[in-house]
Structures are given as C-alpha cells and as structure tokens.
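*Asks:* Structure in structure tokens, see below.
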Amino acid sequence: MKGNKILAGVLSAGMVLSSGTAVFAGETEASANAGAHIYVLTSTEDHGWTGSVATFAKEKIKEINDAGTYSAELITAASAADQITQIEDILAGDTKNAAFVIQPLDDTVQSAIQEIVDAGIPYVAFDRIIDAVSSTAVSNVKGDNSGIGVAAASYFTGLGMKPGDAVYVYEGDTSSVTTLRDQGFTDYLKGNAEFEGKKIDDDLKWSDDDLKNITYSGAMNWSRSDTKTSFESLMGDPKNADIKWIYAEDDELAMGVLEALNGGGIDDATKQKFLDNGPAMTGCGGLDEYYEVLRGNSYQDIAKKFSGLCSVTYSPAMIQTAIQDMVDHLDGKEVTQDHVIACENVTADNVADYPSF
C-alpha cells in the first residue's frame, strides 16, 4: 500500500486513529474515509468578497452531498471569536471521520486550528494563511497577492507605461495583503518578477529613482466610499489630473474612482483634463459591478475615455478549490500543500470567461 495517509498521518496495520477508526493493512485511504463529514467554516454570507466566499462554498457543498461519498456543511461566523467557539463545539462532539476547510477570520483562530491538529483531524486553510500552523495543513489555498501587483504592472507596461511615469496606488489596508500587492507591482517594474512567464523588457525597467514617482494612498480599508472621497481630494489639485496610471488593489476601490468621476465632487475642467489624458486603471477581485463596466453595460461615458480598464483575478470562488483539495485528500490523492492560485488579467476582451460576484 502506497502513501496511506489517513487523517493523523501514515498508519501501520492495526493502528487506531484518534477518532477511534481502526485502519488495517490493505485498506485504502478512500475506503477508510468514506462517509467523512467536511465542515466548511467561512465568514458570514453578507456582502462583498468575504461574504461571497460562503455563496461559492454552498455550491461546492451541494455537489459533494449530491455525490454521496462524503457529506459537507457550511458554518459561517461574524467574528473570529464566533469561529473559535464553532470549532471548539465541533471538537467537543463526535469527530469520527471529521475534516475541516477553514477561512480563518483572523490570526487568533490559530489556537483552535491547533486543537484540530492535536485531535488528528485534517484541515485545509483558505485565504488567510496563519504561518505558525501552515505546515500542519493538508493544503493552504490562497490567491497570489504579490501576483496581483505583478499582473497590474504588466498590464500598464503593455499599454505603454514608461519608467518614471506618475502612478497612483489605492491601497487596501495596512496588512500583509497590501504589502504584497505593493511589492509585486514594483518587483515586476524592476525586473524581479514575471507575469505569464515573461519579465519586463530591459529597456522598460524602473530604477529606484523611477519608483519615487509612485504615490501610495494609505489604507482605504477596502472601502469604495473612502476611495471616492480620496480621489475627489486628489483631483482637488489640478496638477494631479496628469496622473495616467491608477493601480487600485481591489475592484471596490476601482469603483470608488469611477463613482468620483461620475459625480459632482471634482471640478469639471479637472475631470475633463484627467479623462483626456487617456488614463488606465486596474482593480482586483471579480466584483460584478466592475465587471459590468468591462462588459460595456455601465459607466460607459467614462469608461470609453480610459485607455484601459482591467481587473486582476482574486475570486472568492477559490474556496471551491480549497474544498476540492480536501476531497482529493480524502480520496487518497496527492495534494499540493502550498496551493497558490495564479493571477490573470480580465479585460473587456475576455470578461465573459470569468465568474463575478
């Protein structure tokens, strides 16, 4: 029998799992795990990216329950404290053949995850990867935050952005997510990262002095309204209308810029100057409202003035990949522990090929 890793690890004939399930020589992992119950723990299904994770999780859970080999259920939490309690309540019950797929709401969930590990129960972590326990996961499924910046920089370069051009970055928050999205952008421009197998051409590489022309907004708290207000303030100085390249680190932030341009908070002459410059903007995430702009169904008076609009993929549908990783593990298949979902650029040309939320 090859690589028979069941819940707590590789077992010899006659050993008993912490759940009480005996595994004997010749028994396959898939048969031993038949009937396993997968607890999928996510944020509350309310709105935005995090809320949509639960929506996509439900689709995959239905698929699993319909197939009948395993069962699954969704449990959502509004806070990390709630999520910790949920995990502890599950562990206090019958955990025979249990498995977890967890979107930790913050790093305080680490202690509860450690309890899962100590009980010999397999888990997959999604989106927020807690470094201290990441090595204990079946897989750590996440989007490529650095890759988002790389993809945005590649897109702008393809549209003609030159070293030293003025760039304005709308940042999400003060977390490592934003740090990585910032870093990926400059890594590509300096020639230290590649997108779709290619690095920036040598004659387009940015020097450290060139990078000084990138301005960072500071934390927008992933807020459309905060970004709208910030962009109106930015355009309050007519000189800033010369900024051509807007790197928004989330589709909500990109929508804030569009709403500002569509509203009355910017002087008409300044707004016209900005749009006449043929600006370009990237977002990220798969927000349906922003995809509607790419589809040509909204904000077209403004969108047609842009030389380019793009959204880098970071879809909440990735939770389905995380759940499938657990199914594959229970089936006895090899699963990549560090499972990073590569970024792709979504534009008007290919938006029909991508899901939105």
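In the structure tokens, chains take the letters A, B, ... in the order shown, each chain's residues start at 1, and ligands count up from 1 in the order shown.
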Give me the segment 170-198 of chain A side of the contact with segment 112-133 of chain A, cut-off 12 Å, one line per residue showing its nearest atom pair and distance in Å at one decimal, counting only C-alpha atoms, sorted by chain and residue number, as a Markdown table.
*Replies:*
```
| residue | atom | partner | partner_atom | distance |
| --- | --- | --- | --- | --- |
| A:Ser175 | CA | A:Arg128 | CA | 11.1 |
| A:Ser176 | CA | A:Arg128 | CA | 10.3 |
| A:Val177 | CA | A:Arg128 | CA | 9.4 |
```
*Asks:* Put those residues in a file: N, CA, C and O atoms, as a PDB file, in the first residue's frame.
*Replies:*
```pdb
ATOM      1  N   SER A 175      -2.355  45.596   6.161  1.00  0.00           N
ATOM      2  CA  SER A 175      -1.973  44.204   6.389  1.00  0.00           C
ATOM      3  C   SER A 175      -0.908  43.750   5.394  1.00  0.00           C
ATOM      4  O   SER A 175      -0.521  44.466   4.462  1.00  0.00           O
ATOM      5  N   SER A 176      -0.476  42.497   5.565  1.00  0.00           N
ATOM      6  CA  SER A 176       0.490  41.903   4.653  1.00  0.00           C
ATOM      7  C   SER A 176      -0.073  41.767   3.247  1.00  0.00           C
ATOM      8  O   SER A 176       0.683  41.727   2.267  1.00  0.00           O
ATOM      9  N   VAL A 177      -1.399  41.685   3.127  1.00  0.00           N
ATOM     10  CA  VAL A 177      -2.026  41.609   1.804  1.00  0.00           C
ATOM     11  C   VAL A 177      -1.635  42.822   0.965  1.00  0.00           C
ATOM     12  O   VAL A 177      -1.183  42.707  -0.183  1.00  0.00           O
TER      13      VAL A 177
END
```
*Asks:* Quick one: which segment 87-201 of chain A residues come within 12 Å of segment 303-318 of chain A, and what is the nearest atom pair for each with the distance in Å to one decimal, counting only C-alpha atoms, rows ordered by chain and ascending number, as JSON lines?
*Replies:*
```
{"residue": "A:Gln103", "atom": "CA", "partner": "A:Pro316", "partner_atom": "CA", "distance": 11.0}
{"residue": "A:Ala125", "atom": "CA", "partner": "A:Met318", "partner_atom": "CA", "distance": 11.5}
{"residue": "A:Phe126", "atom": "CA", "partner": "A:Met318", "partner_atom": "CA", "distance": 8.3}
{"residue": "A:Asp127", "atom": "CA", "partner": "A:Met318", "partner_atom": "CA", "distance": 8.5}
{"residue": "A:Asn140", "atom": "CA", "partner": "A:Met318", "partner_atom": "CA", "distance": 11.4}
{"residue": "A:Val141", "atom": "CA", "partner": "A:Met318", "partner_atom": "CA", "distance": 7.7}
{"residue": "A:Lys142", "atom": "CA", "partner": "A:Met318", "partner_atom": "CA", "distance": 7.6}
{"residue": "A:Gly143", "atom": "CA", "partner": "A:Tyr314", "partner_atom": "CA", "distance": 5.9}
{"residue": "A:Asp144", "atom": "CA", "partner": "A:Tyr314", "partner_atom": "CA", "distance": 7.8}
{"residue": "A:Asn145", "atom": "CA", "partner": "A:Tyr314", "partner_atom": "CA", "distance": 8.4}
{"residue": "A:Ser146", "atom": "CA", "partner": "A:Tyr314", "partner_atom": "CA", "distance": 11.4}
{"residue": "A:Gly147", "atom": "CA", "partner": "A:Val312", "partner_atom": "CA", "distance": 9.0}
{"residue": "A:Ile148", "atom": "CA", "partner": "A:Val312", "partner_atom": "CA", "distance": 6.1}
{"residue": "A:Gly149", "atom": "CA", "partner": "A:Val312", "partner_atom": "CA", "distance": 8.8}
{"residue": "A:Val150", "atom": "CA", "partner": "A:Val312", "partner_atom": "CA", "distance": 9.7}
{"residue": "A:Ala151", "atom": "CA", "partner": "A:Val312", "partner_atom": "CA", "distance": 6.8}
{"residue": "A:Ala152", "atom": "CA", "partner": "A:Val312", "partner_atom": "CA", "distance": 7.1}
{"residue": "A:Ala153", "atom": "CA", "partner": "A:Val312", "partner_atom": "CA", "distance": 10.8}
{"residue": "A:Ser154", "atom": "CA", "partner": "A:Val312", "partner_atom": "CA", "distance": 11.0}
{"residue": "A:Tyr155", "atom": "CA", "partner": "A:Cys310", "partner_atom": "CA", "distance": 8.0}
{"residue": "A:Phe156", "atom": "CA", "partner": "A:Gly308", "partner_atom": "CA", "distance": 8.4}
{"residue": "A:Thr157", "atom": "CA", "partner": "A:Gly308", "partner_atom": "CA", "distance": 11.3}
{"residue": "A:Gly158", "atom": "CA", "partner": "A:Gly308", "partner_atom": "CA", "distance": 10.1}
{"residue": "A:Leu159", "atom": "CA", "partner": "A:Gly308", "partner_atom": "CA", "distance": 7.5}
{"residue": "A:Gly160", "atom": "CA", "partner": "A:Ser307", "partner_atom": "CA", "distance": 10.0}
{"residue": "A:Met161", "atom": "CA", "partner": "A:Ser307", "partner_atom": "CA", "distance": 11.3}
{"residue": "A:Val177", "atom": "CA", "partner": "A:Tyr314", "partner_atom": "CA", "distance": 12.0}
{"residue": "A:Arg181", "atom": "CA", "partner": "A:Val312", "partner_atom": "CA", "distance": 11.2}
{"residue": "A:Phe195", "atom": "CA", "partner": "A:Val312", "partner_atom": "CA", "distance": 11.9}
```
*Asks:* Have a look at A:Thr50, A:Ser135, A:Thr85, A:Thr44 and name the one nearest to Trp222 of chain A; count only C-alpha atoms.
*Replies:*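 Of A:Thr50, A:Ser135, A:Thr85, A:Thr44, the one nearest Trp222 of chain A is A:Thr50, counting only C-alpha atoms.
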*Asks:* Could you go through segment 152-217 of chain A and tell me which residues DSSP, when run on the backbone, assigns to helix (DSSP H, G or I), listing them as a VMD selection string?
*Replies:* chain A and resid 152 to 158 176 to 189 202 to 204 208 to 211
*Asks:* Considering only C-alpha atoms, can you say which of A:Ala80, A:Ile90, A:Leu41, A:Val53 comes closest to Ser356 of chain A?
*Replies:*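 Smallest distance to Ser356 of chain A is found for A:Val53.
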*Asks:* Enumerate the residues of segment 109-242 of chain A with a DSSP assignment of strand (DSSP E), computed from the backbone, and present them as a ChimeraX atom specification.
*Replies:* /A:123-126,139-143,167-171,194-195,198-199,214-219
*Asks:* What's around Ala269 of chain A at 12 Å? Count only C-alpha atoms, leave out sequence neighbours fewer than 5 positions away in its own chain, and write the answer as a VMD selection string.
*Replies:* chain A and resid 235 to 239 241 261 264 274 to 276
*Asks:* Out of A:Asp209, A:Asp328, A:Asp349, A:Glu344, which residue has the shortest atom-to-atom distance to Tyr70 of chain A when counting only C-alpha atoms?
*Replies:*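 That would be A:Asp328, the residue with the smallest distance to Tyr70 of chain A.
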*Asks:* Would you pick out the contacts of Asp82 of chain A at 12 Å or less, using only C-alpha atoms, so that residues sharing its chain but fewer than 2 positions from it are not included, and give the list as a PDB file with C-alpha atoms, in the first residue's frame?
*Replies:*
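Generated file (part_3.pdb):
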```
ATOM      1  CA  LEU A  41     -16.078  27.382   8.054  1.00  0.00           C
ATOM      2  CA  THR A  42     -16.217  30.823   6.412  1.00  0.00           C
ATOM      3  CA  SER A  43     -17.196  34.395   7.069  1.00  0.00           C
ATOM      4  CA  THR A  44     -20.878  35.309   7.213  1.00  0.00           C
ATOM      5  CA  ILE A  75     -20.871  27.070   9.108  1.00  0.00           C
ATOM      6  CA  THR A  76     -20.413  30.844   8.979  1.00  0.00           C
ATOM      7  CA  ALA A  77     -19.175  33.270  11.611  1.00  0.00           C
ATOM      8  CA  ALA A  78     -19.350  37.031  12.004  1.00  0.00           C
ATOM      9  CA  SER A  79     -16.178  37.214  14.093  1.00  0.00           C
ATOM     10  CA  ALA A  80     -13.053  35.252  14.926  1.00  0.00           C
ATOM     11  CA  ILE A  84     -13.232  29.689  17.531  1.00  0.00           C
ATOM     12  CA  THR A  85     -16.327  28.720  19.507  1.00  0.00           C
ATOM     13  CA  GLN A  86     -17.723  26.865  16.498  1.00  0.00           C
ATOM     14  CA  ILE A  87     -14.535  24.826  16.125  1.00  0.00           C
ATOM     15  CA  GLU A  88     -14.421  24.007  19.832  1.00  0.00           C
ATOM     16  CA  ASP A  89     -18.087  22.936  19.802  1.00  0.00           C
ATOM     17  CA  PRO A 104      -9.701  31.891   9.410  1.00  0.00           C
ATOM     18  CA  LEU A 105     -11.264  35.266  10.182  1.00  0.00           C
ATOM     19  CA  ASP A 106      -8.061  36.453  11.802  1.00  0.00           C
ATOM     20  CA  THR A 108      -6.450  34.456  16.708  1.00  0.00           C
ATOM     21  CA  VAL A 109      -8.056  31.350  15.207  1.00  0.00           C
ATOM     22  CA  ALA A 112      -8.451  26.496  17.569  1.00  0.00           C
TER      23      ALA A 112
END
```
*Asks:* Which is closer to Ile266 of chain A than all the others in A:Asp210, A:Asp201, A:Glu232, A:Glu249, using only C-alpha atoms?
*Replies:*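 Of all the options, A:Glu232 lies closest to Ile266 of chain A.
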*Asks:* Quick one: of A:Ser139, A:Asn240, A:Asn262, A:Thr179, who's nearest to Asn277 of chain A, counting only C-alpha atoms?
*Replies:* A:Asn240
